[in-house]
Structure formats: structure tokens, C-alpha cells
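Listing of final11.pdb; format and content: PDB, C-alpha atoms, pLDDT in the B column.
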```pdb
ATOM      1  CA  MET U   1      84.995  59.718 145.133  1.00 89.00           C
ATOM      2  CA  ASP U   2      87.704  60.741 147.590  1.00 96.00           C
ATOM      3  CA  ASP U   3      87.054  62.083 151.106  1.00 96.00           C
ATOM      4  CA  HIS U   4      87.909  65.654 150.069  1.00 94.00           C
ATOM      5  CA  SER U   5      85.264  65.671 147.330  1.00 96.00           C
ATOM      6  CA  ARG U   6      82.709  63.887 149.514  1.00 97.00           C
ATOM      7  CA  PHE U   7      83.191  66.464 152.307  1.00 97.00           C
ATOM      8  CA  ILE U   8      82.712  69.363 149.856  1.00 96.00           C
ATOM      9  CA  ALA U   9      79.502  67.860 148.489  1.00 96.00           C
ATOM     10  CA  LEU U  10      78.058  67.092 151.915  1.00 96.00           C
ATOM     11  CA  LEU U  11      78.940  70.399 153.587  1.00 97.00           C
ATOM     12  CA  SER U  12      77.776  72.463 150.632  1.00 93.00           C
ATOM     13  CA  GLN U  13      74.269  71.001 150.889  1.00 90.00           C
ATOM     14  CA  GLN U  14      73.653  71.555 154.590  1.00 91.00           C
ATOM     15  CA  PRO U  15      70.278  73.192 155.277  1.00 93.00           C
ATOM     16  CA  LEU U  16      69.981  76.369 157.329  1.00 96.00           C
ATOM     17  CA  ALA U  17      68.536  75.961 160.804  1.00 96.00           C
ATOM     18  CA  GLU U  18      67.932  78.140 163.825  1.00 97.00           C
ATOM     19  CA  ALA U  19      70.795  78.519 166.272  1.00 98.00           C
ATOM     20  CA  ASP U  20      71.591  79.963 169.681  1.00 98.00           C
ATOM     21  CA  VAL U  21      74.083  82.364 168.141  1.00 98.00           C
ATOM     22  CA  LEU U  22      75.275  83.439 164.722  1.00 98.00           C
ATOM     23  CA  PHE U  23      79.035  83.730 164.447  1.00 98.00           C
ATOM     24  CA  LEU U  24      80.245  86.240 161.865  1.00 98.00           C
ATOM     25  CA  ALA U  25      83.760  85.356 160.742  1.00 96.00           C
ATOM     26  CA  ALA U  26      86.079  88.249 159.995  1.00 93.00           C
ATOM     27  CA  GLY U  27      87.503  88.572 156.496  1.00 93.00           C
ATOM     28  CA  ASP U  28      86.357  89.257 152.938  1.00 95.00           C
ATOM     29  CA  GLY U  29      85.797  92.912 153.787  1.00 92.00           C
ATOM     30  CA  ASN U  30      82.267  93.709 154.905  1.00 94.00           C
ATOM     31  CA  HIS U  31      80.704  91.457 152.269  1.00 97.00           C
ATOM     32  CA  ARG U  32      79.412  88.924 154.816  1.00 98.00           C
ATOM     33  CA  VAL U  33      77.643  91.551 156.927  1.00 98.00           C
ATOM     34  CA  PRO U  34      74.397  91.905 154.881  1.00 98.00           C
ATOM     35  CA  TYR U  35      73.814  88.150 154.969  1.00 98.00           C
ATOM     36  CA  ALA U  36      74.448  87.964 158.721  1.00 98.00           C
ATOM     37  CA  ALA U  37      71.986  90.836 159.240  1.00 98.00           C
ATOM     38  CA  LYS U  38      69.422  89.114 157.009  1.00 98.00           C
ATOM     39  CA  LEU U  39      69.677  85.849 158.973  1.00 98.00           C
ATOM     40  CA  TYR U  40      69.318  87.764 162.234  1.00 98.00           C
ATOM     41  CA  LYS U  41      66.220  89.587 160.961  1.00 98.00           C
ATOM     42  CA  GLU U  42      64.769  86.269 159.771  1.00 98.00           C
ATOM     43  CA  LYS U  43      65.222  84.971 163.328  1.00 98.00           C
ATOM     44  CA  PHE U  44      67.787  82.276 162.590  1.00 98.00           C
ATOM     45  CA  ALA U  45      69.635  83.424 165.739  1.00 98.00           C
ATOM     46  CA  PRO U  46      68.835  85.917 168.516  1.00 98.00           C
ATOM     47  CA  ARG U  47      72.392  87.259 168.676  1.00 98.00           C
ATOM     48  CA  ILE U  48      75.483  87.731 166.538  1.00 98.00           C
ATOM     49  CA  ALA U  49      78.974  87.194 167.917  1.00 98.00           C
ATOM     50  CA  ILE U  50      82.158  88.673 166.444  1.00 98.00           C
ATOM     51  CA  VAL U  51      85.548  88.249 168.137  1.00 97.00           C
ATOM     52  CA  SER U  52      88.136  89.551 165.638  1.00 94.00           C
ATOM     53  CA  ASN U  53      90.954  91.980 166.286  1.00 92.00           C
ATOM     54  CA  ASP U  54      92.451  91.369 162.832  1.00 89.00           C
ATOM     55  CA  THR U  55      93.369  94.561 160.956  1.00 90.00           C
ATOM     56  CA  ARG U  56      94.870  93.065 157.795  1.00 87.00           C
ATOM     57  CA  TYR U  57      92.692  95.263 155.576  1.00 88.00           C
ATOM     58  CA  ASP U  58      94.619  94.275 152.439  1.00 86.00           C
ATOM     59  CA  TYR U  59      93.520  90.710 153.209  1.00 83.00           C
ATOM     60  CA  GLY U  60      89.932  91.837 153.758  1.00 90.00           C
ATOM     61  CA  SER U  61      89.983  91.574 157.548  1.00 91.00           C
ATOM     62  CA  ALA U  62      88.622  94.142 159.989  1.00 92.00           C
ATOM     63  CA  PRO U  63      88.186  94.250 163.762  1.00 94.00           C
ATOM     64  CA  SER U  64      84.862  93.359 165.354  1.00 95.00           C
ATOM     65  CA  SER U  65      83.968  96.955 166.193  1.00 96.00           C
ATOM     66  CA  GLU U  66      83.935  97.864 162.491  1.00 96.00           C
ATOM     67  CA  LEU U  67      81.860  94.824 161.559  1.00 97.00           C
ATOM     68  CA  ALA U  68      79.458  95.585 164.421  1.00 97.00           C
ATOM     69  CA  ALA U  69      79.029  99.166 163.175  1.00 97.00           C
ATOM     70  CA  GLU U  70      78.130  97.788 159.740  1.00 97.00           C
ATOM     71  CA  LEU U  71      75.644  95.323 161.250  1.00 98.00           C
ATOM     72  CA  ILE U  72      73.961  98.199 163.089  1.00 98.00           C
ATOM     73  CA  LYS U  73      73.674 100.092 159.778  1.00 98.00           C
ATOM     74  CA  TYR U  74      71.832  97.015 158.446  1.00 98.00           C
ATOM     75  CA  GLY U  75      69.340  97.182 161.321  1.00 98.00           C
ATOM     76  CA  VAL U  76      70.797  94.763 163.855  1.00 98.00           C
ATOM     77  CA  PRO U  77      70.282  96.265 167.325  1.00 98.00           C
ATOM     78  CA  GLU U  78      73.381  96.783 169.435  1.00 98.00           C
ATOM     79  CA  HIS U  79      71.927  94.664 172.264  1.00 98.00           C
ATOM     80  CA  ALA U  80      71.902  91.648 169.908  1.00 98.00           C
ATOM     81  CA  LEU U  81      75.664  91.859 169.345  1.00 98.00           C
ATOM     82  CA  HIS U  82      78.400  90.161 171.320  1.00 98.00           C
ATOM     83  CA  VAL U  83      81.543  92.035 170.305  1.00 98.00           C
ATOM     84  CA  GLU U  84      85.094  91.251 171.395  1.00 96.00           C
ATOM     85  CA  GLU U  85      88.416  92.052 169.761  1.00 95.00           C
ATOM     86  CA  VAL U  86      90.553  89.130 170.883  1.00 94.00           C
ATOM     87  CA  ALA U  87      91.208  86.840 167.893  1.00 93.00           C
ATOM     88  CA  ASN U  88      93.451  87.409 164.893  1.00 91.00           C
ATOM     89  CA  ASN U  89      92.668  84.351 162.751  1.00 93.00           C
ATOM     90  CA  SER U  90      90.066  81.630 162.191  1.00 93.00           C
ATOM     91  CA  LYS U  91      91.657  79.264 164.711  1.00 95.00           C
ATOM     92  CA  SER U  92      91.730  81.804 167.533  1.00 95.00           C
ATOM     93  CA  GLU U  93      88.167  82.882 166.638  1.00 96.00           C
ATOM     94  CA  SER U  94      87.000  79.280 166.973  1.00 97.00           C
ATOM     95  CA  VAL U  95      88.810  78.739 170.271  1.00 97.00           C
ATOM     96  CA  ARG U  96      87.240  81.885 171.749  1.00 97.00           C
ATOM     97  CA  MET U  97      83.784  80.917 170.503  1.00 97.00           C
ATOM     98  CA  MET U  98      84.107  77.509 172.187  1.00 97.00           C
ATOM     99  CA  GLU U  99      84.840  79.327 175.460  1.00 97.00           C
ATOM    100  CA  LEU U 100      81.805  81.548 174.915  1.00 98.00           C
ATOM    101  CA  ALA U 101      79.618  78.559 174.018  1.00 97.00           C
ATOM    102  CA  LYS U 102      80.558  76.853 177.290  1.00 97.00           C
ATOM    103  CA  LYS U 103      80.059  80.034 179.327  1.00 97.00           C
ATOM    104  CA  ASN U 104      76.695  80.941 177.745  1.00 97.00           C
ATOM    105  CA  GLY U 105      75.285  77.441 177.252  1.00 97.00           C
ATOM    106  CA  TRP U 106      75.126  77.827 173.468  1.00 97.00           C
ATOM    107  CA  LYS U 107      74.471  74.462 171.815  1.00 97.00           C
ATOM    108  CA  THR U 108      73.958  75.490 168.175  1.00 97.00           C
ATOM    109  CA  LEU U 109      76.198  77.842 166.219  1.00 97.00           C
ATOM    110  CA  LEU U 110      75.454  79.311 162.799  1.00 97.00           C
ATOM    111  CA  LEU U 111      78.756  79.910 160.972  1.00 98.00           C
ATOM    112  CA  VAL U 112      78.610  82.809 158.506  1.00 98.00           C
ATOM    113  CA  THR U 113      81.617  83.141 156.260  1.00 97.00           C
ATOM    114  CA  SER U 114      82.346  83.359 152.525  1.00 97.00           C
ATOM    115  CA  PRO U 115      81.820  80.478 150.094  1.00 96.00           C
ATOM    116  CA  HIS U 116      85.538  79.869 149.526  1.00 96.00           C
ATOM    117  CA  HIS U 117      86.241  79.953 153.279  1.00 96.00           C
ATOM    118  CA  GLN U 118      83.404  77.670 154.442  1.00 97.00           C
ATOM    119  CA  TYR U 119      85.357  74.412 154.224  1.00 98.00           C
ATOM    120  CA  ARG U 120      88.363  75.540 156.258  1.00 97.00           C
ATOM    121  CA  ILE U 121      86.317  77.360 158.872  1.00 97.00           C
ATOM    122  CA  PHE U 122      84.021  74.380 159.373  1.00 98.00           C
ATOM    123  CA  LEU U 123      86.947  71.979 159.847  1.00 98.00           C
ATOM    124  CA  THR U 124      88.668  74.494 162.136  1.00 97.00           C
ATOM    125  CA  TRP U 125      85.566  74.861 164.301  1.00 97.00           C
ATOM    126  CA  LEU U 126      85.049  71.115 164.416  1.00 98.00           C
ATOM    127  CA  LYS U 127      88.617  70.611 165.647  1.00 98.00           C
ATOM    128  CA  SER U 128      88.301  73.373 168.256  1.00 98.00           C
ATOM    129  CA  MET U 129      85.003  71.906 169.442  1.00 98.00           C
ATOM    130  CA  ARG U 130      86.592  68.486 169.891  1.00 97.00           C
ATOM    131  CA  ASP U 131      89.639  70.011 171.613  1.00 97.00           C
ATOM    132  CA  ALA U 132      87.303  71.882 173.999  1.00 97.00           C
ATOM    133  CA  GLY U 133      85.526  68.620 174.838  1.00 97.00           C
ATOM    134  CA  ILE U 134      82.062  69.927 173.995  1.00 96.00           C
ATOM    135  CA  GLU U 135      79.365  68.775 171.622  1.00 95.00           C
ATOM    136  CA  LEU U 136      77.681  71.438 169.523  1.00 97.00           C
ATOM    137  CA  ILE U 137      75.599  71.621 166.394  1.00 97.00           C
ATOM    138  CA  LEU U 138      77.612  73.576 163.823  1.00 98.00           C
ATOM    139  CA  ILE U 139      75.453  74.950 161.035  1.00 97.00           C
ATOM    140  CA  ASN U 140      77.238  75.972 157.856  1.00 97.00           C
ATOM    141  CA  ALA U 141      75.850  79.250 156.478  1.00 97.00           C
ATOM    142  CA  PRO U 142      78.145  80.733 153.827  1.00 97.00           C
ATOM    143  CA  ALA U 143      77.056  84.110 152.527  1.00 97.00           C
ATOM    144  CA  PRO U 144      75.831  83.861 148.921  1.00 97.00           C
ATOM    145  CA  LEU U 145      78.584  85.966 147.386  1.00 97.00           C
ATOM    146  CA  PRO U 146      79.823  86.046 143.785  1.00 97.00           C
ATOM    147  CA  TRP U 147      82.772  83.792 143.066  1.00 97.00           C
ATOM    148  CA  PHE U 148      84.326  85.919 140.316  1.00 97.00           C
ATOM    149  CA  ALA U 149      83.998  89.474 141.692  1.00 96.00           C
ATOM    150  CA  ASP U 150      87.256  91.399 141.886  1.00 95.00           C
ATOM    151  CA  ASN U 151      88.249  92.366 145.427  1.00 95.00           C
ATOM    152  CA  PRO U 152      91.524  93.941 146.583  1.00 94.00           C
ATOM    153  CA  TRP U 153      92.413  90.601 148.235  1.00 94.00           C
ATOM    154  CA  GLY U 154      91.440  88.523 145.173  1.00 94.00           C
ATOM    155  CA  ARG U 155      88.543  86.734 143.517  1.00 96.00           C
ATOM    156  CA  ARG U 156      86.871  84.117 145.702  1.00 96.00           C
ATOM    157  CA  ALA U 157      87.194  81.490 142.962  1.00 96.00           C
ATOM    158  CA  ASP U 158      90.962  82.057 142.936  1.00 96.00           C
ATOM    159  CA  LEU U 159      91.198  82.169 146.735  1.00 95.00           C
ATOM    160  CA  LEU U 160      89.646  78.716 146.926  1.00 94.00           C
ATOM    161  CA  GLU U 161      92.938  77.128 145.829  1.00 93.00           C
ATOM    162  CA  GLN U 162      94.707  78.874 148.736  1.00 94.00           C
ATOM    163  CA  GLU U 163      92.082  77.524 151.115  1.00 95.00           C
ATOM    164  CA  TRP U 164      92.824  73.911 150.126  1.00 95.00           C
ATOM    165  CA  LYS U 165      96.542  74.511 150.691  1.00 96.00           C
ATOM    166  CA  ARG U 166      95.806  76.037 154.086  1.00 96.00           C
ATOM    167  CA  ILE U 167      93.609  73.095 155.054  1.00 97.00           C
ATOM    168  CA  GLU U 168      96.447  70.699 154.193  1.00 96.00           C
ATOM    169  CA  GLU U 169      98.976  72.803 156.112  1.00 96.00           C
ATOM    170  CA  TYR U 170      96.739  73.233 159.161  1.00 96.00           C
ATOM    171  CA  GLN U 171      95.827  69.540 159.181  1.00 95.00           C
ATOM    172  CA  ARG U 172      99.545  68.724 159.443  1.00 95.00           C
ATOM    173  CA  LYS U 173      99.781  71.159 162.384  1.00 95.00           C
ATOM    174  CA  GLY U 174      96.691  69.636 164.023  1.00 95.00           C
ATOM    175  CA  ASP U 175      94.637  72.845 163.838  1.00 96.00           C
ATOM    176  CA  VAL U 176      91.797  71.568 161.643  1.00 97.00           C
ATOM    177  CA  ALA U 177      89.833  68.330 161.521  1.00 98.00           C
ATOM    178  CA  SER U 178      90.334  65.860 158.688  1.00 97.00           C
ATOM    179  CA  PHE U 179      87.864  65.450 155.841  1.00 97.00           C
ATOM    180  CA  VAL U 180      86.917  62.037 157.283  1.00 97.00           C
ATOM    181  CA  ASP U 181      86.196  63.677 160.661  1.00 98.00           C
ATOM    182  CA  GLY U 182      84.106  66.300 158.873  1.00 98.00           C
ATOM    183  CA  ILE U 183      82.075  63.640 157.088  1.00 98.00           C
ATOM    184  CA  SER U 184      81.561  61.663 160.307  1.00 98.00           C
ATOM    185  CA  TYR U 185      80.431  64.799 162.125  1.00 98.00           C
ATOM    186  CA  LEU U 186      77.953  65.708 159.377  1.00 97.00           C
ATOM    187  CA  GLU U 187      76.483  62.203 159.567  1.00 96.00           C
ATOM    188  CA  TRP U 188      76.220  62.470 163.374  1.00 96.00           C
ATOM    189  CA  LYS U 189      74.635  65.911 163.094  1.00 95.00           C
ATOM    190  CA  GLU U 190      72.026  64.748 160.595  1.00 93.00           C
ATOM    191  CA  LYS U 191      71.001  61.941 162.950  1.00 92.00           C
ATOM    192  CA  ASN U 192      70.875  64.228 166.003  1.00 86.00           C
ATOM    193  CA  ILE U 193      69.133  67.356 164.770  1.00 79.00           C
TER     194      ILE U 193
END
```
Can the structure from this file be put into C-alpha cells for me?
Amino acid sequence: MDDHSRFIALLSQQPLAEADVLFLAAGDGNHRVPYAAKLYKEKFAPRIAIVSNDTRYDYGSAPSSELAAELIKYGVPEHALHVEEVANNSKSESVRMMELAKKNGWKTLLLVTSPHHQYRIFLTWLKSMRDAGIELILINAPAPLPWFADNPWGRRADLLEQEWKRIEEYQRKGDVASFVDGISYLEWKEKNI
């Protein structure tokens, strides 16, 4: 089994755990919002952070204020939201969240994204965490969304291929961790939780 396949298998089977903050990644329309609200209501995290200023609606992205309004419709109180509109992609979201983690003393982060996006976002966050020189527990929490549903930006099953290409491209640029680094981190995390 190669490192790519091993990383997929290991990350996909990570258990949910409580965290200091739930990070809601922008993208995939508002489809991630109900799951983030559900995890908040089930007390997996006392707050939800969103830092997007991305308005590529044809790509499924929306700024934090719109996602926050949706979360409030799902019963998340405004006081539980940390909303900023400063980041326009996954990398800049992760960099900002590392700054917020340092500032607020957050040690555990619950990452809510879509199933096809979970691998890239996890490796991106791992790289940003290492670049920031901090040690956090990153908890993978992809929203349970259908793989084959038609969306204006594409079916998640089809978008998965793009994600692998992006991971390769961003690894060359040094923006995401390697699969080996991801595996090593998951082993460390399992021993330290």
C-alpha cells in the first residue's frame, strides 16, 4: 500500500472528539452548515469559527457572514460564532486559524469540510500548524454529504480527482504537508489524545 492510500484510510477513520473550537471551512455552498450546527448542539465545541471572504459562488464559496447567518438559522447562537472575512482560500484560512489558536489558547480544532475536501484541508492545516510552530490536535470531521449529488460546482465524487491534483501541486509549492507527514501526525495524535 502506498503512502497516499494509507493516509486516506487512516484519516477517513478518525473518531470525532470534543474540541476547543469548530472550524467551518468555506466552500460547497451551505451544505456543511447543518453538520457544523449539529456538532455544536451536541457539544463537540463551544464555538464555531469562520474566516472566509471568498465570494466565488460558482465554486460554492461564500463569505463568513453568509455562513454565520445560516448557522444562526440552524440554532447556533451568535455569541458562539467567531466570524471574520479575511481569507480567500484553504491555505489562508488555515494560517488565520493558527493565529487565532495562538491568541485564544485553542489546543484542539475540529475541522468541518466536505468529504472530497477533507484530505487537502487536513494536510494544509497540518503544514500551517508546523509553519506556525505550534502543536495542536486536529480532528477531522467531514460533513456526511452525498458523493453523487449534482451541484453547480460539480459532484463531490468528480471533484475528488481535482483535490488529488491540487494536493500534488500544493505539495510542490510547500503549502501542504506530505502524506508521510500526515501519517506520522495521525500516529502522534493517537498516542497523545
List the spatial neighbours of stretch 1-11 of chain U as a PDB file with C-alpha atoms, in the frame of the given file - criterion: any atom at most 9 Å away, all atoms listed in the file, same-chain residues fewer than 2 positions off excluded.
```pdb
ATOM      1  CA  GLN U  13      74.269  71.001 150.889  1.00 90.00           C
ATOM      2  CA  GLN U  14      73.653  71.555 154.590  1.00 91.00           C
ATOM      3  CA  GLN U 118      83.404  77.670 154.442  1.00 97.00           C
ATOM      4  CA  TYR U 119      85.357  74.412 154.224  1.00 98.00           C
ATOM      5  CA  PHE U 122      84.021  74.380 159.373  1.00 98.00           C
ATOM      6  CA  ASN U 140      77.238  75.972 157.856  1.00 97.00           C
ATOM      7  CA  SER U 178      90.334  65.860 158.688  1.00 97.00           C
ATOM      8  CA  PHE U 179      87.864  65.450 155.841  1.00 97.00           C
ATOM      9  CA  VAL U 180      86.917  62.037 157.283  1.00 97.00           C
ATOM     10  CA  GLY U 182      84.106  66.300 158.873  1.00 98.00           C
ATOM     11  CA  ILE U 183      82.075  63.640 157.088  1.00 98.00           C
ATOM     12  CA  LEU U 186      77.953  65.708 159.377  1.00 97.00           C
TER      13      LEU U 186
END
```
Do you have the atom CA of U:Lys127-atom CA of U:Pro144 distance handy?
-> 24.9 Å
Work out how far apart atom CA of U:Leu138 and atom CA of U:Pro46 are and give it in Å to one decimal.
-> 15.9 Å
Chain and number of each residue from the PyMOL selection byres ((chain U and resi 109) around 8), as JSON, numbers by chain = {"U": [19, 20, 21, 22, 23, 106, 107, 108, 110, 111, 136, 137, 138, 139]}
Could those selected residues go to a file with C-alpha atoms, as an mmCIF file, in the coordinates of the input?
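Produced file part_11.cif, reproduced below:
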```
data_model
loop_
_atom_site.group_PDB
_atom_site.id
_atom_site.type_symbol
_atom_site.label_atom_id
_atom_site.label_comp_id
_atom_site.auth_asym_id
_atom_site.auth_seq_id
_atom_site.Cartn_x
_atom_site.Cartn_y
_atom_site.Cartn_z
ATOM 1 C CA ALA U 19 70.795 78.519 166.272
ATOM 2 C CA ASP U 20 71.591 79.963 169.681
ATOM 3 C CA VAL U 21 74.083 82.364 168.141
ATOM 4 C CA LEU U 22 75.275 83.439 164.722
ATOM 5 C CA PHE U 23 79.035 83.730 164.447
ATOM 6 C CA TRP U 106 75.126 77.827 173.468
ATOM 7 C CA LYS U 107 74.471 74.462 171.815
ATOM 8 C CA THR U 108 73.958 75.490 168.175
ATOM 9 C CA LEU U 110 75.454 79.311 162.799
ATOM 10 C CA LEU U 111 78.756 79.910 160.972
ATOM 11 C CA LEU U 136 77.681 71.438 169.523
ATOM 12 C CA ILE U 137 75.599 71.621 166.394
ATOM 13 C CA LEU U 138 77.612 73.576 163.823
ATOM 14 C CA ILE U 139 75.453 74.950 161.035
#
```
Result set, the PyMOL selection byres ((chain U and resi 80) around 10) on current file, as a ChimeraX atom specification | /U:21,40,45-49,72,76-79,81-83
Tell me which of U:Arg155, U:Lys191, U:Arg32, U:Lys165 sits closest to U:Leu71, counting only C-alpha atoms.
->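 Nearest to U:Leu71: U:Arg32.
Closest approach to U:Ala177 from the set U:Ala17, U:Val86, U:Leu123, U:Ala25 is made by U:Leu123, with distances taken over all atoms listed in the file.
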